[in-house]
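Structure record follows, encoded as structure tokens.
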Amino acid sequence: MGNEARFITKNFGKYDPMSLDSYLSIGGYSALKRALKMDGEDIASAIAEAKVKGRGGAAYDMGRKWSQSRGVKAPHKVVICNADEGETCTFKDREIITNDPFNLIEAITICGYTVNAQDGYIYMREEYRHLRPRLLNAIKEAEEKGFLGDHIQGTDFSFHIHLYSGAGAYVCGEGTALIRSIEGKAGRPRMKPPFMKVSGLFALPTCVNNVESFAIVPHLLMDDDREYVSYGSGESLGTKLISLGGNVRRPGVYEIPFGTTVRDIVYDLGQGIPGGHSLRLIQFGGASGKVSDERILDTPYTYDDLKAAGVTVGSGSVLVIDSRTSVLDFLRMTQDFFSEESCGQCTPCREGNLHIKLILAKMARGEATQADIREMKKIASIMSISSLCGLGESAQNALLSAMKVFPKTFEIGGEN
Amino acid sequence: MVTEVTPEFVITDELAREIDRVLDEHGHDATQIVGVLLDVQALIEQQYVPQPVAFYVAQKLPIKVSVIYDCLTFYSALSPTPRAKYPVQVCRSIACKVNGSDSLFETVKEILGVEPGQVTYDGRFTIEEVSCFGACDVAPAIRINGKVYGHLDTPDKIRAVLAEFM
């Protein structure tokens, strides 16, 4: 596979994920040792210079986030690792936690040092419960060897990491819902502001990052050969983990250099669609992501190119759907997901998801009218601007993008 | 399929000790309530949190019972009502759907002889339709008490997995 890179995943398979000694033998914790001699602002700058963007879905400039968090003055601050990857067809964080748990713990510790936090929280989805022993062991061993806890490596920096479990609620991937869950409550999102960096978990200044975002940091700090920035170009430097699934021969997690074409992802890494079926659509970035058709195949996978083509990187998933599934069936499956996962707290999301589900069902029965289609588009637009949280805002991305890409589906009497 | 009235749940001394151990492991930290309830639920044969257990945890932690029930009813992985010894969770999300989870779903229903939400007569199995659990690379998949079984694209493979629990 000429297109795969090994930067974020370079430790995968190289050490025993249940042993700190094994991690140290491949150079583990060199990055923390280096970081402890650096100024936090310089660490944030190194991340900003590599143009690392948040890998959970929002693609916020990570160096800027760390710098802003650092700038908030408070006696007690916290860092959160969002390991609640609940977007459909997204399982890259699972691979990082499975294969490289110590790198993640090291990265969270570096973040704590950078932003002057005292506590780190990992919020991991219940579906990855089997990985709890791995993270608990990594935390315990790191504490025993002085890489975590009080006076890390003999410095004044003290930092503790706590592992929390989700319980099957997609909405808890949303920052404000996530913090409520860690606070020991039902994970219902709240209005912003106040923003997390000022008042987040336990009303403390909070810096939240995704597992993959964290995983990049130790490698980046040790990247004296500037390997990371040699990949990609422009605003999309480095590499990205993608979760490839759906109708492909070889689904899985792949690390690609930014700039790899979608065609190479689907037909080279994924070995194409099985059974001689043709491509119907590709959804990028999870259930809340947008869709395109074969016209996107020659687009390079970068933030800017995908955006110009009408989709986004999002959670980094690439879901391939072949011609056996119609656009309408695809939308109904996606709608079922959101109807199930909407927390029901705000009206646009609760009612919007219900009514769009009903109109899609009407379309499937062949009873929808043009007025229904207009109504559906109107509801979807209202949801995207007036929902309480990101779930409601993004729930109709698939529908609204499909209306642009597949107009025939929405012409009454049209095919698909 | 039989839906019986649940007999009153009694907390044995052994179960009380086990629950106390779970609370100790979580440092008697009320913010860890979701993790506590998941671990406690796994101790109960029918994989749920019976009312006497909810009250016991509330008293011991301590935490308000209302917070426990808010969690039990909000989070889909927690249940205040009896499930089964082996809840068979079938992924109904898209990557599994386009890889044949509909036929997987039908086969599981046929083998177990129950519909989702119903429990087999011996209390061992129930079927739950769940959202994506991140096993899209081995779709179509099911999950039983935390363990994922993937590539279940033929009735024989499905039968073989379920046979492990029969």
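Residues in the structure tokens are named by chain (A, B, ... in the order shown) and by number from 1 within that chain; ligands are numbered from 1 in the order shown.
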Compute the chain A side of the contact with chain B at 7 Å, counting only C-alpha atoms, and hand it back as an MDAnalysis selection string. chainID A and resid 88:91 127 129:130 164:169 182:186 245:247 251:252 333:334 337
Generate a file of the selected residues that holds N, CA and C atoms, formatted as a PDB file, in the first residue's frame.
ATOM      1  N   THR A  88     -21.137   7.255  13.242  1.00  0.00           N
ATOM      2  CA  THR A  88     -21.178   5.965  12.572  1.00  0.00           C
ATOM      3  C   THR A  88     -19.950   5.807  11.684  1.00  0.00           C
ATOM      4  N   CYS A  89     -19.502   4.574  11.565  1.00  0.00           N
ATOM      5  CA  CYS A  89     -18.357   4.220  10.723  1.00  0.00           C
ATOM      6  C   CYS A  89     -17.080   4.949  11.162  1.00  0.00           C
ATOM      7  N   THR A  90     -16.940   5.191  12.453  1.00  0.00           N
ATOM      8  CA  THR A  90     -15.740   5.840  12.962  1.00  0.00           C
ATOM      9  C   THR A  90     -15.167   4.976  14.074  1.00  0.00           C
ATOM     10  N   PHE A  91     -13.947   4.465  13.862  1.00  0.00           N
ATOM     11  CA  PHE A  91     -13.361   3.557  14.852  1.00  0.00           C
ATOM     12  C   PHE A  91     -11.854   3.718  14.928  1.00  0.00           C
ATOM     13  N   GLU A 127     -19.043   1.412  24.669  1.00  0.00           N
ATOM     14  CA  GLU A 127     -18.799   0.391  23.663  1.00  0.00           C
ATOM     15  C   GLU A 127     -17.336  -0.055  23.653  1.00  0.00           C
ATOM     16  N   ARG A 129     -15.594  -0.517  26.425  1.00  0.00           N
ATOM     17  CA  ARG A 129     -15.392  -0.944  27.803  1.00  0.00           C
ATOM     18  C   ARG A 129     -14.250  -1.944  27.942  1.00  0.00           C
ATOM     19  N   HIS A 130     -14.106  -2.798  26.929  1.00  0.00           N
ATOM     20  CA  HIS A 130     -13.047  -3.820  26.990  1.00  0.00           C
ATOM     21  C   HIS A 130     -11.650  -3.188  26.980  1.00  0.00           C
ATOM     22  N   TYR A 164     -13.257   7.979  32.834  1.00  0.00           N
ATOM     23  CA  TYR A 164     -14.711   7.950  33.005  1.00  0.00           C
ATOM     24  C   TYR A 164     -15.348   7.192  31.849  1.00  0.00           C
ATOM     25  N   SER A 165     -16.498   6.578  32.154  1.00  0.00           N
ATOM     26  CA  SER A 165     -17.175   5.783  31.140  1.00  0.00           C
ATOM     27  C   SER A 165     -18.472   6.433  30.686  1.00  0.00           C
ATOM     28  N   GLY A 166     -18.713   6.387  29.393  1.00  0.00           N
ATOM     29  CA  GLY A 166     -20.005   6.788  28.859  1.00  0.00           C
ATOM     30  C   GLY A 166     -20.944   5.601  29.009  1.00  0.00           C
ATOM     31  N   ALA A 167     -22.167   5.719  28.483  1.00  0.00           N
ATOM     32  CA  ALA A 167     -23.100   4.600  28.595  1.00  0.00           C
ATOM     33  C   ALA A 167     -24.059   4.573  27.407  1.00  0.00           C
ATOM     34  N   GLY A 168     -23.482   4.670  26.213  1.00  0.00           N
ATOM     35  CA  GLY A 168     -24.293   4.484  25.025  1.00  0.00           C
ATOM     36  C   GLY A 168     -25.119   5.677  24.595  1.00  0.00           C
ATOM     37  N   ALA A 169     -24.624   6.897  24.841  1.00  0.00           N
ATOM     38  CA  ALA A 169     -25.344   8.078  24.376  1.00  0.00           C
ATOM     39  C   ALA A 169     -24.453   8.858  23.396  1.00  0.00           C
ATOM     40  N   ILE A 182     -19.487  13.454  32.920  1.00  0.00           N
ATOM     41  CA  ILE A 182     -18.374  13.263  33.867  1.00  0.00           C
ATOM     42  C   ILE A 182     -18.747  13.803  35.248  1.00  0.00           C
ATOM     43  N   GLU A 183     -19.638  14.785  35.268  1.00  0.00           N
ATOM     44  CA  GLU A 183     -20.062  15.330  36.567  1.00  0.00           C
ATOM     45  C   GLU A 183     -21.027  14.391  37.278  1.00  0.00           C
ATOM     46  N   GLY A 184     -21.366  13.273  36.616  1.00  0.00           N
ATOM     47  CA  GLY A 184     -22.247  12.294  37.245  1.00  0.00           C
ATOM     48  C   GLY A 184     -23.721  12.562  37.020  1.00  0.00           C
ATOM     49  N   LYS A 185     -24.025  13.149  35.866  1.00  0.00           N
ATOM     50  CA  LYS A 185     -25.416  13.458  35.547  1.00  0.00           C
ATOM     51  C   LYS A 185     -25.764  12.852  34.189  1.00  0.00           C
ATOM     52  N   ALA A 186     -27.044  12.952  33.829  1.00  0.00           N
ATOM     53  CA  ALA A 186     -27.444  12.576  32.482  1.00  0.00           C
ATOM     54  C   ALA A 186     -26.764  13.559  31.522  1.00  0.00           C
ATOM     55  N   GLY A 245     -15.193   2.226   5.734  1.00  0.00           N
ATOM     56  CA  GLY A 245     -16.150   1.141   5.936  1.00  0.00           C
ATOM     57  C   GLY A 245     -17.286   1.185   4.929  1.00  0.00           C
ATOM     58  N   GLY A 246     -18.263   0.309   5.137  1.00  0.00           N
ATOM     59  CA  GLY A 246     -19.388   0.223   4.215  1.00  0.00           C
ATOM     60  C   GLY A 246     -19.110  -0.846   3.177  1.00  0.00           C
ATOM     61  N   ASN A 247     -19.414  -0.526   1.909  1.00  0.00           N
ATOM     62  CA  ASN A 247     -19.240  -1.513   0.850  1.00  0.00           C
ATOM     63  C   ASN A 247     -17.850  -1.436   0.224  1.00  0.00           C
ATOM     64  N   PRO A 251     -12.256  -2.945   4.625  1.00  0.00           N
ATOM     65  CA  PRO A 251     -12.541  -1.848   5.549  1.00  0.00           C
ATOM     66  C   PRO A 251     -11.480  -1.815   6.642  1.00  0.00           C
ATOM     67  N   GLY A 252     -11.304  -0.658   7.276  1.00  0.00           N
ATOM     68  CA  GLY A 252     -10.336  -0.592   8.370  1.00  0.00           C
ATOM     69  C   GLY A 252      -9.854   0.824   8.610  1.00  0.00           C
ATOM     70  N   MET A 333     -31.863   5.421   6.859  1.00  0.00           N
ATOM     71  CA  MET A 333     -31.020   4.784   7.886  1.00  0.00           C
ATOM     72  C   MET A 333     -30.338   5.843   8.739  1.00  0.00           C
ATOM     73  N   THR A 334     -29.832   6.879   8.074  1.00  0.00           N
ATOM     74  CA  THR A 334     -29.165   7.957   8.808  1.00  0.00           C
ATOM     75  C   THR A 334     -30.164   8.655   9.719  1.00  0.00           C
ATOM     76  N   PHE A 337     -30.890   6.827  12.887  1.00  0.00           N
ATOM     77  CA  PHE A 337     -29.824   7.024  13.868  1.00  0.00           C
ATOM     78  C   PHE A 337     -30.085   8.289  14.684  1.00  0.00           C
TER      79      PHE A 337
END
Please, which residues of region 52-109 of chain A, numbered as in this document, come out strand (DSSP E or B) from DSSP, as number ranges by chain? A: 53, 61, 78-83
Looking at only C-alpha atoms, which of B:His151, B:Arg159, B:Arg83, B:Arg21 is the one that sits closest to Lys109 (chain B)? B:Arg159
Skipping near chain neighbours, those fewer than 5 positions away, what residues fall within 9 Å of Leu112 (chain B) using only C-alpha atoms, listed as number ranges by chain? B: 107, 120, 125-127, 162
Which neighbours of Thr12 (chain B) fall inside 12 Å, counting only C-alpha atoms, when residues of the same chain fewer than 3 positions from it are skipped, and could you give them as a ChimeraX atom specification? /B:9,15-19,43-44,52-53,56
Export, as a CSV table (one decimal), in the first residue's frame, the selected residues with C-alpha atoms.
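Saved file selection02.csv follows:
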chain,number,residue,atom,x,y,z
B,9,PHE,CA,-35.3,-8.6,43.9
B,15,LEU,CA,-24.1,-9.2,46.0
B,16,ALA,CA,-23.8,-6.4,48.7
B,17,ARG,CA,-20.1,-7.2,49.1
B,18,GLU,CA,-19.7,-7.1,45.3
B,19,ILE,CA,-21.4,-3.8,45.0
B,43,LEU,CA,-23.1,-8.2,38.5
B,44,ILE,CA,-26.9,-8.8,38.1
B,52,PRO,CA,-33.4,-2.2,45.7
B,53,VAL,CA,-29.9,-2.1,44.1
B,56,TYR,CA,-28.5,0.5,48.0
Applying 7 Å and only C-alpha atoms, which residues near Asn353 (chain A) remain after dropping the ones on its own chain fewer than 4 positions away? List them as a list in words. Phe338, Ser339, Cys349 and Lys357 of chain A
Would you export the selected residues with N, CA and C atoms as a PDB file, in the first residue's frame, please?
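Written file, out_3.pdb:
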ATOM      1  N   PHE A 338     -30.384   9.393  14.001  1.00  0.00           N
ATOM      2  CA  PHE A 338     -30.581  10.649  14.723  1.00  0.00           C
ATOM      3  C   PHE A 338     -31.889  10.672  15.513  1.00  0.00           C
ATOM      4  N   SER A 339     -32.912  10.014  14.979  1.00  0.00           N
ATOM      5  CA  SER A 339     -34.175   9.961  15.720  1.00  0.00           C
ATOM      6  C   SER A 339     -33.946   9.238  17.036  1.00  0.00           C
ATOM      7  N   CYS A 349     -34.552  20.001  17.281  1.00  0.00           N
ATOM      8  CA  CYS A 349     -33.953  18.687  17.066  1.00  0.00           C
ATOM      9  C   CYS A 349     -34.971  17.572  17.310  1.00  0.00           C
ATOM     10  N   LYS A 357     -38.267  12.276   9.548  1.00  0.00           N
ATOM     11  CA  LYS A 357     -38.405  10.812   9.467  1.00  0.00           C
ATOM     12  C   LYS A 357     -39.740  10.432   8.817  1.00  0.00           C
TER      13      LYS A 357
END
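Across the model, the gap from CA of Val253 (chain A) to CA of Ala141 (chain B) is 17.0 Å.
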Top pick for closest residue to Gly150 (chain B), considering B:Cys91, B:Gly123, B:Val108, B:Glu129 and counting only C-alpha atoms: B:Cys91
Residues at most 9 Å from region 53-60 of chain A, counting only C-alpha atoms, excluding those fewer than 4 positions away in the same chain, as a list of chain:residue names?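 Listed by chain and then number, they are A:Ile47, A:Ala48, A:Arg64, A:Lys65, A:Asn82, A:Glu85, A:Gly173, A:Asn209, A:Asn210, A:Val211, A:Glu212, A:Ser213, A:Phe214, A:Ser236, A:Lys240, A:Leu241, A:Gly285, A:Gly286, A:Tyr303, A:Thr312, A:Val313, A:Gly314, A:Ser315, A:Gly316.
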